[in-house]
>>> print(open('query_20.cif').read())   # mmCIF, C-alpha atoms
data_coords
#
loop_
_atom_site.label_atom_id
_atom_site.label_comp_id
_atom_site.auth_asym_id
_atom_site.auth_seq_id
_atom_site.Cartn_x
_atom_site.Cartn_y
_atom_site.Cartn_z
CA MET A 16 113.42 102.78 73.32
CA PRO A 17 115.83 102.61 70.34
CA THR A 18 114.93 105.07 67.61
CA LYS A 19 114.74 104.03 64.01
CA LYS A 20 117.87 106.09 63.37
CA ASN A 21 119.88 104.19 65.99
CA LYS A 22 118.43 100.76 65.22
CA PRO A 23 121.12 98.41 63.86
CA GLN A 24 120.72 97.99 60.12
CA ILE A 25 120.51 94.52 58.63
CA ASN A 26 121.32 94.56 54.92
CA PRO A 27 123.90 93.06 52.56
CA PHE A 28 126.34 95.95 53.01
CA SER A 29 126.17 95.79 56.82
CA MET A 30 126.99 92.07 56.59
CA TYR A 31 129.92 92.84 54.30
CA MET A 32 131.17 95.59 56.64
CA ARG A 33 130.91 93.30 59.67
CA GLU A 34 133.00 90.69 57.88
CA GLN A 35 135.63 93.08 56.52
CA GLU A 36 136.24 95.32 59.52
CA PRO A 37 138.29 92.82 61.60
CA ILE A 38 140.21 91.80 58.46
CA LEU A 39 141.18 95.42 57.78
CA ARG A 40 142.19 96.01 61.40
CA ARG A 41 144.46 92.96 61.30
CA ARG A 42 146.11 94.54 58.25
CA GLY A 43 146.83 97.64 60.35
CA LEU A 44 144.13 99.90 58.95
CA GLN A 45 142.52 102.08 61.63
CA PHE A 46 139.28 104.05 61.33
CA ASN A 47 138.32 106.89 63.65
CA SER A 48 134.60 106.57 63.01
CA LYS A 49 132.04 104.29 61.48
CA LYS A 50 131.60 106.81 58.69
CA GLU A 51 135.26 106.45 57.73
CA LEU A 52 134.82 102.68 57.59
CA VAL A 53 131.70 103.01 55.44
CA ASP A 54 133.40 105.45 53.07
CA TYR A 55 136.31 103.07 52.64
CA LEU A 56 134.30 99.86 52.13
CA PHE A 57 131.36 101.09 50.08
CA PRO A 58 133.28 101.40 46.77
CA HIS A 59 134.71 97.89 47.29
CA PHE A 60 131.22 96.54 47.96
CA ASN A 61 129.90 98.16 44.75
CA ASN A 62 132.64 96.46 42.78
CA LEU A 63 131.56 92.98 43.91
CA SER A 64 129.98 90.72 41.32
CA ASP A 65 126.32 89.69 41.66
CA LEU A 66 127.44 86.24 42.74
CA GLU A 67 129.71 87.69 45.44
CA ARG A 68 126.94 90.00 46.67
CA GLN A 69 124.51 87.09 46.91
CA LYS A 70 126.54 85.74 49.83
CA TYR A 71 125.84 88.89 51.85
CA LYS A 72 122.19 88.97 50.78
CA ASN A 73 121.79 85.47 52.19
CA MET A 74 123.54 86.48 55.41
CA ALA A 75 121.22 89.48 55.82
CA LYS A 76 118.14 87.35 55.18
CA ILE A 77 119.16 84.85 57.86
CA GLU A 78 119.95 87.65 60.33
CA LYS A 79 116.54 89.26 59.77
CA GLU A 80 114.77 85.96 60.39
CA GLN A 81 116.71 85.50 63.62
CA ALA A 82 115.88 89.08 64.67
CA LYS A 83 112.18 88.34 64.32
CA MET A 84 112.59 85.58 66.91
CA ASP A 85 114.82 87.65 69.21
CA LEU A 86 112.56 89.38 71.74
CA THR A 87 115.47 91.45 73.09
CA ARG A 88 115.21 93.51 69.89
CA LYS A 89 111.49 94.08 70.22
CA PHE A 90 109.84 96.58 72.54
CA ASP A 91 106.36 97.45 73.70
CA ASP A 92 104.91 100.96 73.51
CA ARG A 93 106.72 101.90 76.76
CA GLY A 94 110.12 100.88 75.40
CA VAL A 95 110.31 97.74 77.56
CA PRO A 96 111.95 94.77 75.79
CA LEU A 97 109.48 91.98 75.09
CA SER A 98 112.09 89.57 76.46
CA GLN A 99 111.85 91.34 79.84
CA ILE A 100 108.06 91.16 79.78
CA ALA A 101 108.22 87.44 78.98
CA ALA A 102 110.71 86.88 81.83
CA GLU A 103 108.46 88.72 84.28
CA ARG A 104 105.50 86.65 83.13
CA ASP A 105 107.47 83.45 83.71
CA GLU A 106 108.51 84.66 87.16
CA LEU A 107 104.89 85.37 88.09
CA ARG A 108 103.85 81.94 86.86
CA LEU A 109 106.54 80.34 89.03
CA LYS A 110 105.45 82.38 92.06
CA LYS A 111 101.85 81.35 91.48
CA ASP A 112 102.83 77.67 91.35
CA ASN A 113 104.81 78.04 94.57
CA MET A 114 101.86 79.78 96.24
CA LEU A 115 99.45 77.06 95.27
CA ARG A 116 101.83 74.39 96.55
CA HIS A 117 102.18 76.28 99.84
CA VAL A 118 98.43 76.58 100.35
CA THR A 119 97.84 72.94 99.41
CA SER A 120 100.51 71.88 101.90
CA MET A 121 99.07 74.15 104.58
CA VAL A 122 95.58 72.67 104.24
CA HIS A 123 96.43 69.01 103.68
CA ASP A 124 99.72 68.45 105.54
CA ARG A 125 98.69 68.02 109.17
CA SER A 126 101.79 65.99 110.09
CA GLY A 127 102.52 68.40 112.93
CA GLY A 128 99.50 67.10 114.80
CA GLU A 129 97.52 70.39 114.99
CA PRO A 130 94.01 69.92 113.57
CA LEU A 131 93.05 72.17 110.68
CA THR A 132 90.18 73.61 112.72
CA SER A 133 92.72 75.10 115.17
CA VAL A 134 95.04 76.63 112.60
CA LYS A 135 95.07 80.42 112.70
CA PHE A 136 94.20 82.08 109.40
CA TYR A 137 94.62 85.76 108.50
CA ASN A 138 92.42 87.75 106.14
CA LEU A 139 93.41 91.05 104.55
CA PHE A 140 90.96 93.72 103.37
CA VAL A 141 91.91 96.84 101.43
CA SER A 142 89.86 99.75 100.10
CA LEU A 143 91.21 102.55 97.93
CA HIS A 144 91.01 106.31 97.81
CA CYS A 145 91.80 106.10 94.11
CA TYR A 146 94.01 104.57 91.46
CA THR A 147 95.83 106.21 88.56
CA ASP A 148 95.70 105.27 84.89
CA PHE A 149 99.41 104.90 84.35
CA GLY A 150 99.48 101.31 83.07
CA LYS A 151 102.32 99.36 84.61
CA GLY A 152 103.29 102.41 86.68
CA ALA A 153 99.80 102.87 88.15
CA GLU A 154 99.46 103.99 91.76
CA TYR A 155 96.88 102.55 94.17
CA LEU A 156 96.28 104.86 97.12
CA PRO A 157 94.93 102.89 100.10
CA CYS A 158 92.05 104.26 102.14
CA GLU A 159 91.78 101.43 104.67
CA VAL A 160 93.86 98.37 105.42
CA ALA A 161 92.45 95.77 107.80
CA LEU A 162 93.45 92.34 109.10
CA CYS A 163 91.64 89.71 111.10
CA GLU A 164 92.81 86.50 112.75
CA TRP A 165 90.43 83.53 112.89
CA THR A 166 90.15 79.79 113.21
CA ILE A 167 87.55 77.41 111.87
CA ALA A 168 86.74 76.33 115.41
CA ASP A 169 86.47 79.71 117.14
CA GLY A 170 85.76 82.21 114.37
CA VAL A 171 87.32 85.70 114.60
CA LEU A 172 89.86 86.02 117.40
CA ARG A 173 91.07 89.59 116.86
CA SER A 174 91.27 92.30 114.21
CA CYS A 175 92.90 95.60 113.37
CA SER A 176 92.00 98.35 110.93
CA TYR A 177 93.75 101.54 109.81
CA LEU A 178 92.49 104.46 107.77
CA ILE A 179 95.20 105.97 105.57
CA GLU A 180 95.59 109.63 104.59
CA PRO A 181 97.74 109.81 101.41
CA ASP A 182 100.77 112.08 101.49
CA ARG A 183 99.73 113.41 98.10
CA ILE A 184 96.99 112.96 95.51
CA PRO A 185 98.22 112.78 91.89
CA ALA A 186 97.19 115.82 89.89
CA GLY A 187 93.70 115.45 88.43
CA TYR A 188 92.58 112.55 90.63
CA LYS A 189 90.77 114.24 93.53
CA SER A 190 87.45 113.83 91.74
CA ARG A 191 88.07 110.09 91.38
CA CYS A 192 88.79 109.91 95.12
CA ARG A 193 85.44 111.56 95.77
CA ASP A 194 83.59 109.25 93.37
CA ILE A 195 85.09 106.09 94.86
CA SER A 196 84.39 107.32 98.40
CA GLU A 197 80.73 108.04 97.63
CA ALA A 198 80.24 104.71 95.85
CA THR A 199 82.06 102.43 98.31
CA HIS A 200 83.68 103.12 101.68
CA GLN A 201 82.27 106.65 102.36
CA VAL A 202 85.58 107.77 103.88
CA PRO A 203 86.53 111.26 102.62
CA LEU A 204 90.02 112.63 102.23
CA GLY A 205 91.12 114.47 105.35
CA HIS A 206 89.30 112.11 107.73
CA PRO A 207 90.37 113.08 111.29
CA GLY A 208 91.08 109.47 112.24
CA ALA A 209 93.28 108.69 109.24
CA GLU A 210 96.91 107.67 109.71
CA THR A 211 99.83 109.59 108.23
CA ASN A 212 102.49 107.57 110.09
CA PHE A 213 103.03 105.02 107.33
CA PRO A 214 106.05 103.28 108.93
CA GLY A 215 103.99 102.84 112.09
CA VAL A 216 101.08 101.27 110.19
CA TRP A 217 103.43 98.92 108.34
CA ILE A 218 105.07 97.75 111.60
CA ARG A 219 101.67 97.20 113.25
CA LEU A 220 100.49 95.11 110.31
CA LYS A 221 103.65 93.02 110.51
CA ASN A 222 103.33 92.60 114.27
CA PHE A 223 99.70 91.57 113.94
CA ILE A 224 100.55 88.41 112.03
CA ASN A 225 104.07 87.86 113.44
CA PRO A 226 104.54 89.68 116.76
CA GLN A 227 108.13 90.86 117.19
CA GLU A 228 109.06 88.45 114.37
CA GLU A 229 108.84 85.46 116.71
CA LEU A 230 108.08 83.16 113.77
CA ASP A 231 110.80 82.25 111.30
CA ASP A 232 108.42 82.92 108.43
CA TYR A 233 105.38 85.14 108.06
CA PRO A 234 102.14 83.17 107.79
CA PRO A 235 100.05 83.58 104.65
CA VAL A 236 97.36 86.24 104.54
CA PHE A 237 94.23 85.60 102.48
CA SER A 238 91.36 87.65 101.20
CA GLY A 239 88.43 86.98 98.99
CA SER A 240 88.18 89.21 95.93
CA LEU A 241 89.70 89.11 92.46
CA GLU A 242 90.95 92.73 92.53
CA LEU A 243 94.53 91.54 92.73
CA ALA A 244 96.43 94.43 91.16
CA GLU A 245 94.79 96.95 93.49
CA THR A 246 95.67 94.97 96.61
CA GLU A 247 99.26 94.50 95.61
CA GLY A 248 99.47 98.13 94.51
CA ALA A 249 98.08 99.41 97.81
CA LEU A 250 100.57 97.34 99.82
CA GLN A 251 103.38 98.49 97.52
CA TRP A 252 102.33 102.10 98.08
CA LEU A 253 102.40 101.60 101.86
CA HIS A 254 105.64 99.63 101.78
CA ASP A 255 107.37 102.34 99.74
CA ARG A 256 106.53 104.87 102.47
CA SER A 257 107.30 102.59 105.41
CA ALA A 258 111.12 102.98 105.38
CA ASP A 259 111.25 99.18 105.80
CA ARG A 260 113.95 98.38 103.24
CA ARG A 261 115.21 95.07 104.59
CA ASP A 262 113.34 93.41 101.77
CA GLN A 263 113.11 95.60 98.68
CA SER A 264 110.57 93.72 96.59
CA VAL A 265 106.82 93.49 96.87
CA PRO A 266 105.93 91.08 94.04
CA ARG A 267 102.81 91.47 91.96
CA VAL A 268 99.85 89.27 92.66
CA PRO A 269 98.99 87.00 89.72
CA ALA A 270 95.33 86.57 88.87
CA GLY A 271 93.75 83.46 90.32
CA ALA A 272 96.42 82.97 92.96
CA ALA A 273 95.49 81.49 96.30
CA ALA A 274 98.24 83.23 98.29
CA VAL A 275 101.43 85.18 97.64
CA ARG A 276 104.27 86.57 99.72
CA ALA A 277 104.05 90.36 99.72
CA VAL A 278 106.89 91.64 101.82
CA PRO A 279 106.59 90.80 104.56
CA LEU A 280 102.93 89.85 104.20
CA ARG A 281 101.32 87.22 102.01
CA LEU A 282 98.06 87.98 100.30
CA ALA A 283 95.85 86.38 97.73
CA SER A 284 93.43 88.98 96.51
CA ARG A 285 91.48 91.89 97.81
CA SER A 286 87.98 92.59 98.97
CA TRP A 287 86.26 96.00 99.08
CA ARG A 288 85.05 96.57 102.63
CA PRO A 289 83.53 99.91 103.66
CA ARG A 290 84.53 101.44 106.98
CA ALA A 291 81.16 100.50 108.44
CA ALA A 292 81.81 96.80 107.94
CA THR A 293 83.41 95.17 110.99
CA PHE A 294 84.88 91.76 111.57
#
>>> encode(input="query_20.cif", output="structure tokens")
Amino acid sequence: MPTKKNKPQINPFSMYMREQEPILRRRGLQFNSKKELVDYLFPHFNNLSDLERQKYKNMAKIEKEQAKMDLTRKFDDRGVPLSQIAAERDELRLKKDNMLRHVTSMVHDRSGGEPLTSVKFYNLFVSLHCYTDFGKGAEYLPCEVALCEWTIADGVLRSCSYLIEPDRIPAGYKSRCRDISEATHQVPLGHPGAETNFPGVWIRLKNFINPQEELDDYPPVFSGSLELAETEGALQWLHDRSADRRDQSVPRVPAGAAAVRAVPLRLASRSWRPRAATF
């Protein structure tokens, strides 16, 4: 984040210096530093009449007004430009619109002849060991990831479920893991059946909904809760440890979305399901 010391100054003299510098260089005057330029121009600026200075006051006023509207010069408390935050927000809005169009088409466009009751749907369930309070950089450590395949006509056709043992617990968060375990899924850290082969889990999840990548595109995966950030975060955590780098991005899940592509899965939201709950 730019410090106040390094922040570009907007004042009448800075406007005067910006105007005069190229003129002086065209005359053959060279300056080895900004300080040299300031030392040379400041006496000339002081000798300007009030009327001449008014020109540069007006220029500075206009520049300040423009700066207020320029989000690239404004930053949040993490040092991220507000323009970047606005662009990310617009991108999420576009993804959400595309998701909704996809789901609407999936439900209503039956031009292929297959009745909706025979279409295979996939539901995703995630529970967490814990999450960290790091704002945008928060981590969501998955405890269990589960998928089921079902149709309206036949109900659940098959399912898979994997307990996850994190490779590390962030310092100070073991107590939160214990609290979440006792209140929800009842799966402690160090469970003997938990997976540590994260690439293997990721491949099995992919193969569950698109075996050996036979389909050109991965079908959407749905789930039923509004805990969107946690679901996306848990999949991001797993993806980062999967060594599957063919697609680098796992986009965030916007609130209220019906479905979203999360590489290579699509998900909508997340539902807390304890280990005891089966499909």
>>> atom_distance(input="query_20.cif", atom1="CA of Asn225 in chain A", atom2="CA of Val202 in chain A")
28.8 Å
>>> closest_residue(input="query_20.cif", among="A:Ala153, A:Met30, A:Leu230, A:Ala249", to="Gln69 in chain A", atoms="all atoms listed in the file")
A:Met30
>>> resolve_selection(input="query_20.cif", expression="the PyMOL selection byres ((chain A and resi 72) around 12)", output="PDB file with C-alpha atoms, in the frame of the given file")
ATOM      1  CA  ILE A  25     120.510  94.520  58.630  1.00  0.00           C
ATOM      2  CA  ASN A  26     121.320  94.560  54.920  1.00  0.00           C
ATOM      3  CA  PRO A  27     123.900  93.060  52.560  1.00  0.00           C
ATOM      4  CA  PHE A  28     126.340  95.950  53.010  1.00  0.00           C
ATOM      5  CA  SER A  29     126.170  95.790  56.820  1.00  0.00           C
ATOM      6  CA  MET A  30     126.990  92.070  56.590  1.00  0.00           C
ATOM      7  CA  TYR A  31     129.920  92.840  54.300  1.00  0.00           C
ATOM      8  CA  ASP A  65     126.320  89.690  41.660  1.00  0.00           C
ATOM      9  CA  LEU A  66     127.440  86.240  42.740  1.00  0.00           C
ATOM     10  CA  GLU A  67     129.710  87.690  45.440  1.00  0.00           C
ATOM     11  CA  ARG A  68     126.940  90.000  46.670  1.00  0.00           C
ATOM     12  CA  GLN A  69     124.510  87.090  46.910  1.00  0.00           C
ATOM     13  CA  LYS A  70     126.540  85.740  49.830  1.00  0.00           C
ATOM     14  CA  TYR A  71     125.840  88.890  51.850  1.00  0.00           C
ATOM     15  CA  ASN A  73     121.790  85.470  52.190  1.00  0.00           C
ATOM     16  CA  MET A  74     123.540  86.480  55.410  1.00  0.00           C
ATOM     17  CA  ALA A  75     121.220  89.480  55.820  1.00  0.00           C
ATOM     18  CA  LYS A  76     118.140  87.350  55.180  1.00  0.00           C
ATOM     19  CA  ILE A  77     119.160  84.850  57.860  1.00  0.00           C
ATOM     20  CA  GLU A  78     119.950  87.650  60.330  1.00  0.00           C
ATOM     21  CA  LYS A  79     116.540  89.260  59.770  1.00  0.00           C
TER      22      LYS A  79
END
>>> residues_around(input="query_20.cif", residues="Thr211 in chain A", least_positions_apart="2", cutoff="9 Å", atoms="all atoms listed in the file", output="list in words")
Leu178, Ile179, Glu180, Pro181, Asp182, Ala209, Phe213, Pro214, Gly215 and Val216 of chain A
>>> residues_near_point(input="query_20.cif", point="(98.7, 96.6, 101.7)", cutoff="7 Å", atoms="all atoms listed in the file", output="list in words")
Val141, Val160, Thr246, Glu247, Ala249, Leu250, Gln251 and Leu253 of chain A
>>> atom_distance(input="query_20.cif", atom1="CA of Thr166 in chain A", atom2="CA of Phe223 in chain A")
15.2 Å
>>> residues_near_point(input="query_20.cif", point="(91.9, 81.8, 116.2)", cutoff="9 Å", atoms="only C-alpha atoms", output="count of residues only")
14
>>> atom_distance(input="query_20.cif", atom1="CA of Pro207 in chain A", atom2="CA of Asn138 in chain A")
25.9 Å
>>> closest_residue(input="query_20.cif", among="A:Glu210, A:Glu80, A:Glu129, A:Asp124", to="Glu159 in chain A", atoms="only C-alpha atoms")
A:Glu210
>>> closest_residue(input="query_20.cif", among="A:Val122, A:Ile38, A:Leu109, A:Ile184", to="Thr147 in chain A", atoms="all atoms listed in the file")
A:Ile184
>>> residues_around(input="query_20.cif", residues="Glu245 in chain A", least_positions_apart="4", cutoff="9 Å", atoms="all atoms listed in the file", output="list in words")
Val141, Ser142, Leu143, Tyr146, Glu154, Tyr155, Leu156, Pro157, Ala249, Leu250, Ser284 and Arg285 of chain A
>>> write_last_selection(input="query_20.cif", atoms="C-alpha atoms", output="CSV table (one decimal), in the coordinates of the input")
chain,number,residue,atom,x,y,z
A,141,VAL,CA,91.9,96.8,101.4
A,142,SER,CA,89.9,99.8,100.1
A,143,LEU,CA,91.2,102.6,97.9
A,146,TYR,CA,94.0,104.6,91.5
A,154,GLU,CA,99.5,104.0,91.8
A,155,TYR,CA,96.9,102.6,94.2
A,156,LEU,CA,96.3,104.9,97.1
A,157,PRO,CA,94.9,102.9,100.1
A,249,ALA,CA,98.1,99.4,97.8
A,250,LEU,CA,100.6,97.3,99.8
A,284,SER,CA,93.4,89.0,96.5
A,285,ARG,CA,91.5,91.9,97.8
>>> resolve_selection(input="query_20.cif", expression="the PyMOL selection byres ((chain A and resi 174) around 6)", output="PyMOL selection string")
chain A and resi 162-163+173+175
>>> write_last_selection(input="query_20.cif", atoms="C-alpha atoms", output="mmCIF file, keeping the file's coordinate frame")
data_model
loop_
_atom_site.group_PDB
_atom_site.id
_atom_site.type_symbol
_atom_site.label_atom_id
_atom_site.label_comp_id
_atom_site.auth_asym_id
_atom_site.auth_seq_id
_atom_site.Cartn_x
_atom_site.Cartn_y
_atom_site.Cartn_z
ATOM 1 C CA LEU A 162 93.450 92.340 109.100
ATOM 2 C CA CYS A 163 91.640 89.710 111.100
ATOM 3 C CA ARG A 173 91.070 89.590 116.860
ATOM 4 C CA CYS A 175 92.900 95.600 113.370
#
>>> closest_residue(input="query_20.cif", among="A:Cys158, A:Gly43, A:Cys145, A:Lys221", to="Ala186 in chain A", atoms="only C-alpha atoms")
A:Cys145
>>> closest_residue(input="query_20.cif", among="A:Phe46, A:Tyr188, A:Tyr55, A:Trp217", to="Ser176 in chain A", atoms="all atoms listed in the file")
A:Trp217
>>> build_atoms(input="query_20.cif", residues="range 173-209 of chain A", atoms="N, CA and C atoms", output="PDB file, keeping the file's coordinate frame")
ATOM      1  N   ARG A 173      90.717  88.177 116.674  1.00  0.00           N
ATOM      2  CA  ARG A 173      91.070  89.590 116.860  1.00  0.00           C
ATOM      3  C   ARG A 173      91.164  90.235 115.486  1.00  0.00           C
ATOM      4  N   SER A 174      91.207  91.569 115.481  1.00  0.00           N
ATOM      5  CA  SER A 174      91.270  92.300 114.210  1.00  0.00           C
ATOM      6  C   SER A 174      91.933  93.644 114.433  1.00  0.00           C
ATOM      7  N   CYS A 175      92.383  94.246 113.336  1.00  0.00           N
ATOM      8  CA  CYS A 175      92.900  95.600 113.370  1.00  0.00           C
ATOM      9  C   CYS A 175      92.526  96.288 112.072  1.00  0.00           C
ATOM     10  N   SER A 176      92.415  97.606 112.115  1.00  0.00           N
ATOM     11  CA  SER A 176      92.000  98.350 110.930  1.00  0.00           C
ATOM     12  C   SER A 176      92.599  99.748 110.995  1.00  0.00           C
ATOM     13  N   TYR A 177      93.114 100.232 109.853  1.00  0.00           N
ATOM     14  CA  TYR A 177      93.750 101.540 109.810  1.00  0.00           C
ATOM     15  C   TYR A 177      93.270 102.322 108.592  1.00  0.00           C
ATOM     16  N   LEU A 178      92.779 103.528 108.850  1.00  0.00           N
ATOM     17  CA  LEU A 178      92.490 104.460 107.770  1.00  0.00           C
ATOM     18  C   LEU A 178      93.791 105.151 107.372  1.00  0.00           C
ATOM     19  N   ILE A 179      93.966 105.389 106.086  1.00  0.00           N
ATOM     20  CA  ILE A 179      95.200 105.970 105.570  1.00  0.00           C
ATOM     21  C   ILE A 179      94.894 107.305 104.902  1.00  0.00           C
ATOM     22  N   GLU A 180      95.668 108.325 105.253  1.00  0.00           N
ATOM     23  CA  GLU A 180      95.590 109.630 104.590  1.00  0.00           C
ATOM     24  C   GLU A 180      96.791 109.754 103.662  1.00  0.00           C
ATOM     25  N   PRO A 181      96.605 109.749 102.337  1.00  0.00           N
ATOM     26  CA  PRO A 181      97.740 109.810 101.410  1.00  0.00           C
ATOM     27  C   PRO A 181      98.577 111.058 101.614  1.00  0.00           C
ATOM     28  N   ASP A 182      99.894 110.918 101.381  1.00  0.00           N
ATOM     29  CA  ASP A 182     100.770 112.080 101.490  1.00  0.00           C
ATOM     30  C   ASP A 182     100.573 113.041 100.334  1.00  0.00           C
ATOM     31  N   ARG A 183     100.058 112.538  99.223  1.00  0.00           N
ATOM     32  CA  ARG A 183      99.730 113.410  98.100  1.00  0.00           C
ATOM     33  C   ARG A 183      98.721 112.700  97.215  1.00  0.00           C
ATOM     34  N   ILE A 184      97.923 113.494  96.502  1.00  0.00           N
ATOM     35  CA  ILE A 184      96.990 112.960  95.510  1.00  0.00           C
ATOM     36  C   ILE A 184      97.527 113.356  94.133  1.00  0.00           C
ATOM     37  N   PRO A 185      97.728 112.411  93.232  1.00  0.00           N
ATOM     38  CA  PRO A 185      98.220 112.780  91.890  1.00  0.00           C
ATOM     39  C   PRO A 185      97.323 113.832  91.254  1.00  0.00           C
ATOM     40  N   ALA A 186      97.929 114.730  90.518  1.00  0.00           N
ATOM     41  CA  ALA A 186      97.190 115.820  89.890  1.00  0.00           C
ATOM     42  C   ALA A 186      96.056 115.279  89.023  1.00  0.00           C
ATOM     43  N   GLY A 187      94.860 115.825  89.247  1.00  0.00           N
ATOM     44  CA  GLY A 187      93.700 115.450  88.430  1.00  0.00           C
ATOM     45  C   GLY A 187      92.896 114.294  88.964  1.00  0.00           C
ATOM     46  N   TYR A 188      93.261 113.750  90.150  1.00  0.00           N
ATOM     47  CA  TYR A 188      92.580 112.550  90.630  1.00  0.00           C
ATOM     48  C   TYR A 188      91.738 112.774  91.891  1.00  0.00           C
ATOM     49  N   LYS A 189      91.594 113.999  92.340  1.00  0.00           N
ATOM     50  CA  LYS A 189      90.770 114.240  93.530  1.00  0.00           C
ATOM     51  C   LYS A 189      89.302 113.901  93.256  1.00  0.00           C
ATOM     52  N   SER A 190      88.849 114.151  92.049  1.00  0.00           N
ATOM     53  CA  SER A 190      87.450 113.830  91.740  1.00  0.00           C
ATOM     54  C   SER A 190      87.230 112.321  91.754  1.00  0.00           C
ATOM     55  N   ARG A 191      88.214 111.549  91.318  1.00  0.00           N
ATOM     56  CA  ARG A 191      88.070 110.090  91.380  1.00  0.00           C
ATOM     57  C   ARG A 191      88.040 109.621  92.828  1.00  0.00           C
ATOM     58  N   CYS A 192      88.846 110.247  93.682  1.00  0.00           N
ATOM     59  CA  CYS A 192      88.790 109.910  95.120  1.00  0.00           C
ATOM     60  C   CYS A 192      87.382 110.133  95.657  1.00  0.00           C
ATOM     61  N   ARG A 193      86.792 111.249  95.291  1.00  0.00           N
ATOM     62  CA  ARG A 193      85.440 111.560  95.770  1.00  0.00           C
ATOM     63  C   ARG A 193      84.426 110.557  95.238  1.00  0.00           C
ATOM     64  N   ASP A 194      84.543 110.195  93.964  1.00  0.00           N
ATOM     65  CA  ASP A 194      83.590 109.250  93.370  1.00  0.00           C
ATOM     66  C   ASP A 194      83.682 107.880  94.014  1.00  0.00           C
ATOM     67  N   ILE A 195      84.904 107.408  94.240  1.00  0.00           N
ATOM     68  CA  ILE A 195      85.090 106.090  94.860  1.00  0.00           C
ATOM     69  C   ILE A 195      84.579 106.114  96.299  1.00  0.00           C
ATOM     70  N   SER A 196      84.856 107.209  97.013  1.00  0.00           N
ATOM     71  CA  SER A 196      84.390 107.320  98.400  1.00  0.00           C
ATOM     72  C   SER A 196      82.864 107.248  98.470  1.00  0.00           C
ATOM     73  N   GLU A 197      82.196 108.010  97.600  1.00  0.00           N
ATOM     74  CA  GLU A 197      80.730 108.040  97.630  1.00  0.00           C
ATOM     75  C   GLU A 197      80.128 106.692  97.236  1.00  0.00           C
ATOM     76  N   ALA A 198      80.801 105.964  96.348  1.00  0.00           N
ATOM     77  CA  ALA A 198      80.240 104.710  95.850  1.00  0.00           C
ATOM     78  C   ALA A 198      80.578 103.514  96.724  1.00  0.00           C
ATOM     79  N   THR A 199      81.626 103.617  97.563  1.00  0.00           N
ATOM     80  CA  THR A 199      82.060 102.430  98.310  1.00  0.00           C
ATOM     81  C   THR A 199      82.188 102.695  99.807  1.00  0.00           C
ATOM     82  N   HIS A 200      83.374 103.130 100.236  1.00  0.00           N
ATOM     83  CA  HIS A 200      83.680 103.120 101.680  1.00  0.00           C
ATOM     84  C   HIS A 200      83.161 104.344 102.424  1.00  0.00           C
ATOM     85  N   GLN A 201      82.816 105.445 101.729  1.00  0.00           N
ATOM     86  CA  GLN A 201      82.270 106.650 102.360  1.00  0.00           C
ATOM     87  C   GLN A 201      83.258 107.341 103.294  1.00  0.00           C
ATOM     88  N   VAL A 202      84.546 107.116 103.076  1.00  0.00           N
ATOM     89  CA  VAL A 202      85.580 107.770 103.880  1.00  0.00           C
ATOM     90  C   VAL A 202      86.197 108.889 103.049  1.00  0.00           C
ATOM     91  N   PRO A 203      85.991 110.156 103.430  1.00  0.00           N
ATOM     92  CA  PRO A 203      86.530 111.260 102.620  1.00  0.00           C
ATOM     93  C   PRO A 203      88.008 111.484 102.883  1.00  0.00           C
ATOM     94  N   LEU A 204      88.666 112.173 101.973  1.00  0.00           N
ATOM     95  CA  LEU A 204      90.020 112.630 102.230  1.00  0.00           C
ATOM     96  C   LEU A 204      89.996 113.594 103.410  1.00  0.00           C
ATOM     97  N   GLY A 205      91.062 113.578 104.200  1.00  0.00           N
ATOM     98  CA  GLY A 205      91.120 114.470 105.350  1.00  0.00           C
ATOM     99  C   GLY A 205      90.355 113.961 106.550  1.00  0.00           C
ATOM    100  N   HIS A 206      90.014 112.668 106.584  1.00  0.00           N
ATOM    101  CA  HIS A 206      89.300 112.110 107.730  1.00  0.00           C
ATOM    102  C   HIS A 206      90.156 112.292 108.991  1.00  0.00           C
ATOM    103  N   PRO A 207      89.571 112.778 110.084  1.00  0.00           N
ATOM    104  CA  PRO A 207      90.370 113.080 111.290  1.00  0.00           C
ATOM    105  C   PRO A 207      91.028 111.855 111.908  1.00  0.00           C
ATOM    106  N   GLY A 208      90.499 110.677 111.641  1.00  0.00           N
ATOM    107  CA  GLY A 208      91.080 109.470 112.240  1.00  0.00           C
ATOM    108  C   GLY A 208      92.077 108.764 111.336  1.00  0.00           C
ATOM    109  N   ALA A 209      92.403 109.353 110.199  1.00  0.00           N
ATOM    110  CA  ALA A 209      93.280 108.690 109.240  1.00  0.00           C
ATOM    111  C   ALA A 209      94.745 108.788 109.662  1.00  0.00           C
TER     112      ALA A 209
END
